[in-house]
Structures are given as C-alpha cells and as structure tokens.
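One structure is given below, encoded as structure tokens.
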Amino acid sequence: QVQLVESGGGLVQAGASLSLSCAAAGRAFSYYGMGWFRQAPGKEREFVAAISRSGTNTYYADSVKGRFTISRDNAKNTVYLQMNSLKPEDTAVYYCAAAFKASSATYSISDTDYNYWGQGTQVTVSS
C-alpha cells in the first residue's frame, strides 16, 4: 500500500505560479513512477505530467508543456508539480498517483496504469 497526500493548491490569478507537493507513505517510493492528473468540473480526468522512478525521464501533456515541471525527491518520498504562467483553464482538482514500475526509466500517461491515488487538491485560477 502507498498513501499519497497532495498539498499546495489554492486560488491564484492568471499568470501566477503554484507549487504542488505529494507526500508518499508506505512501500518504497522509489519503486513507483509518479504522475499528476487533473479533473475540471464536468470534464473527465486528464493526464498532466509523469516522471520515472529515477526522475530522469518526464513527460507532459501538450497543454502544460513549457509551463509545468514535475520533479521528485526520493529521499523525501515526495513528488512535486511546479506550475507557472497559470491560466484559467488550469482550474481543476489535481491528483497525484503512483504506478509500480519494474524499470527505473519508464513512466505512464494512462490513468489505468496507476495503482494508488491521492485525495486531490483544488487549484483555481481566476482571470
């Protein structure tokens, strides 16, 4: 079992930055590829960013590429999502998720690959 707890959400104006954190407890964090997803009201959950076990490989949705950065600190059992130049369309509940990975270099962009999910943190961007 892996327990995930997100933090760092809030209400900001367009153009501002926010940094989300996801703290993991339970089984060895370094065995899991990590991802961030989001769900806006009335919309399906969508992929945002993913990072491999080792942190060397990352992948982003086109909508956030160049603005968001995913990173991880395996010593702190934490994954981060730095969000810059926020737009109103980034408004959503953001979830972190963990996917067991046999390889240290792979990541997943499909939510069906993820085994554990956090409870989510609200990000609201006003125009």
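Each chain of the structure tokens is named A, B, ... in the order shown, its residues numbered from 1; ligands are numbered from 1 in display order.
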Contact residues around Gly55 in chain A with only C-alpha atoms at 10 Å, ignoring same-chain residues under 4 positions, as a VMD selection string = chain A and resid 30 33 to 34 50 to 51 70 to 74 79 104 to 107
Please produce an output containing C-alpha atoms for each residue in the selection, written as an mmCIF file, in the first residue's frame.
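What follows is the written file out_25.cif:
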```
data_model
loop_
_atom_site.group_PDB
_atom_site.id
_atom_site.type_symbol
_atom_site.label_atom_id
_atom_site.label_comp_id
_atom_site.auth_asym_id
_atom_site.auth_seq_id
_atom_site.Cartn_x
_atom_site.Cartn_y
_atom_site.Cartn_z
ATOM 1 C CA SER A 30 11.455 4.780 -5.392
ATOM 2 C CA GLY A 33 6.627 6.020 -11.315
ATOM 3 C CA MET A 34 4.593 9.070 -10.375
ATOM 4 C CA ALA A 50 4.630 11.904 -15.310
ATOM 5 C CA ILE A 51 8.074 11.083 -14.005
ATOM 6 C CA ILE A 70 7.373 17.631 -12.464
ATOM 7 C CA SER A 71 10.153 16.516 -10.156
ATOM 8 C CA ARG A 72 10.715 14.124 -7.316
ATOM 9 C CA ASP A 73 12.886 13.705 -4.261
ATOM 10 C CA ASN A 74 13.131 10.013 -3.427
ATOM 11 C CA VAL A 79 6.818 14.392 -5.944
ATOM 12 C CA SER A 104 13.595 2.839 -13.273
ATOM 13 C CA ALA A 105 13.333 4.652 -16.577
ATOM 14 C CA THR A 106 9.687 4.275 -17.542
ATOM 15 C CA TYR A 107 6.579 6.277 -16.739
#
```
Any idea what's packed within 12 Å of Gln82 in chain A, counting only C-alpha atoms, ignoring anything in its chain fewer than 5 positions away? Could you give it as a PyMOL selection string?
-> chain A and resi 8-9+16-22+36+48-49+64-72
Who sits within 8 Å of Val125 in chain A, only C-alpha atoms, same chain under 5 positions skipped, as a count of residues only | 10
Find the spatial neighbours of range 94-98 of chain A, counting only C-alpha atoms, within a cut-off of 8 Å - ignore same-chain residues fewer than 5 positions away - and output them as a PyMOL selection string.
-> chain A and resi 2+4+6+22+32-39+114-123
Write the residues of the selection above to a file with N, CA and C atoms, as a CSV table (one decimal), in the first residue's frame.
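To be explicit, this is the file written out as part_16.csv:
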```csv
chain,number,residue,atom,x,y,z
A,2,VAL,N,0.4,2.2,-0.7
A,2,VAL,CA,1.0,3.6,-0.8
A,2,VAL,C,0.0,4.6,-0.5
A,4,LEU,N,-0.9,8.6,-0.5
A,4,LEU,CA,-0.5,9.8,-1.1
A,4,LEU,C,-1.3,11.0,-0.6
A,6,GLU,N,-1.7,15.1,-1.3
A,6,GLU,CA,-1.3,16.3,-2.0
A,6,GLU,C,-1.5,17.6,-1.1
A,22,CYS,N,3.3,16.2,-3.3
A,22,CYS,CA,2.6,15.0,-3.0
A,22,CYS,C,3.5,14.1,-2.1
A,32,TYR,N,8.1,3.4,-7.6
A,32,TYR,CA,6.9,3.9,-8.3
A,32,TYR,C,7.2,5.0,-9.2
A,33,GLY,N,6.7,4.9,-10.5
A,33,GLY,CA,6.6,6.0,-11.3
A,33,GLY,C,5.5,6.9,-10.8
A,34,MET,N,5.6,8.2,-10.9
A,34,MET,CA,4.6,9.1,-10.4
A,34,MET,C,4.0,9.9,-11.5
A,35,GLY,N,2.7,10.3,-11.3
A,35,GLY,CA,2.1,11.1,-12.2
A,35,GLY,C,1.1,12.1,-11.5
A,36,TRP,N,0.9,13.2,-12.3
A,36,TRP,CA,-0.1,14.2,-11.9
A,36,TRP,C,-1.3,14.2,-12.9
A,37,PHE,N,-2.5,14.2,-12.4
A,37,PHE,CA,-3.7,14.2,-13.3
A,37,PHE,C,-4.5,15.4,-12.7
A,38,ARG,N,-5.5,15.8,-13.5
A,38,ARG,CA,-6.4,16.8,-13.1
A,38,ARG,C,-7.8,16.6,-13.6
A,39,GLN,N,-8.8,17.1,-12.9
A,39,GLN,CA,-10.2,16.9,-13.3
A,39,GLN,C,-10.9,18.2,-13.1
A,114,TYR,N,-2.1,3.4,-13.1
A,114,TYR,CA,-1.7,3.8,-11.7
A,114,TYR,C,-2.5,3.0,-10.6
A,115,ASN,N,-1.7,2.6,-9.6
A,115,ASN,CA,-2.3,1.8,-8.6
A,115,ASN,C,-2.8,2.5,-7.4
A,116,TYR,N,-2.2,3.7,-7.1
A,116,TYR,CA,-2.6,4.4,-5.9
A,116,TYR,C,-2.8,5.9,-6.3
A,117,TRP,N,-3.8,6.5,-5.6
A,117,TRP,CA,-4.2,7.9,-5.9
A,117,TRP,C,-4.3,8.7,-4.6
A,118,GLY,N,-4.0,10.0,-4.7
A,118,GLY,CA,-4.2,10.9,-3.6
A,118,GLY,C,-5.7,11.4,-3.6
A,119,GLN,N,-6.0,12.2,-2.6
A,119,GLN,CA,-7.4,12.7,-2.5
A,119,GLN,C,-7.6,13.9,-3.3
A,120,GLY,N,-6.6,14.6,-3.8
A,120,GLY,CA,-6.7,15.7,-4.7
A,120,GLY,C,-6.5,17.0,-3.9
A,121,THR,N,-6.1,18.0,-4.7
A,121,THR,CA,-6.0,19.4,-4.1
A,121,THR,C,-6.6,20.4,-5.2
A,122,GLN,N,-7.3,21.3,-4.8
A,122,GLN,CA,-8.0,22.2,-5.7
A,122,GLN,C,-7.1,23.4,-6.1
A,123,VAL,N,-7.0,23.6,-7.4
A,123,VAL,CA,-6.3,24.7,-8.0
A,123,VAL,C,-7.3,25.6,-8.7
```
Choose the residue, out of A:Val5, A:Ala23, A:Ala99, A:Ile109, that has the smallest atom-to-atom separation from Thr78 in chain A; count only C-alpha atoms.
-> A:Ala23
As a ChimeraX atom specification, list the residues of range 3-108 of chain A assigned to strand (DSSP E) by DSSP on the backbone atoms of this structure.
-> /A:3-7,10-13,18-26,32-39,46-51,58-60,68-73,78-83,92-100
Interatomic distance (Å, one decimal) between CA of Lys43 in chain A and CA of Ser110 in chain A | 16.3 Å
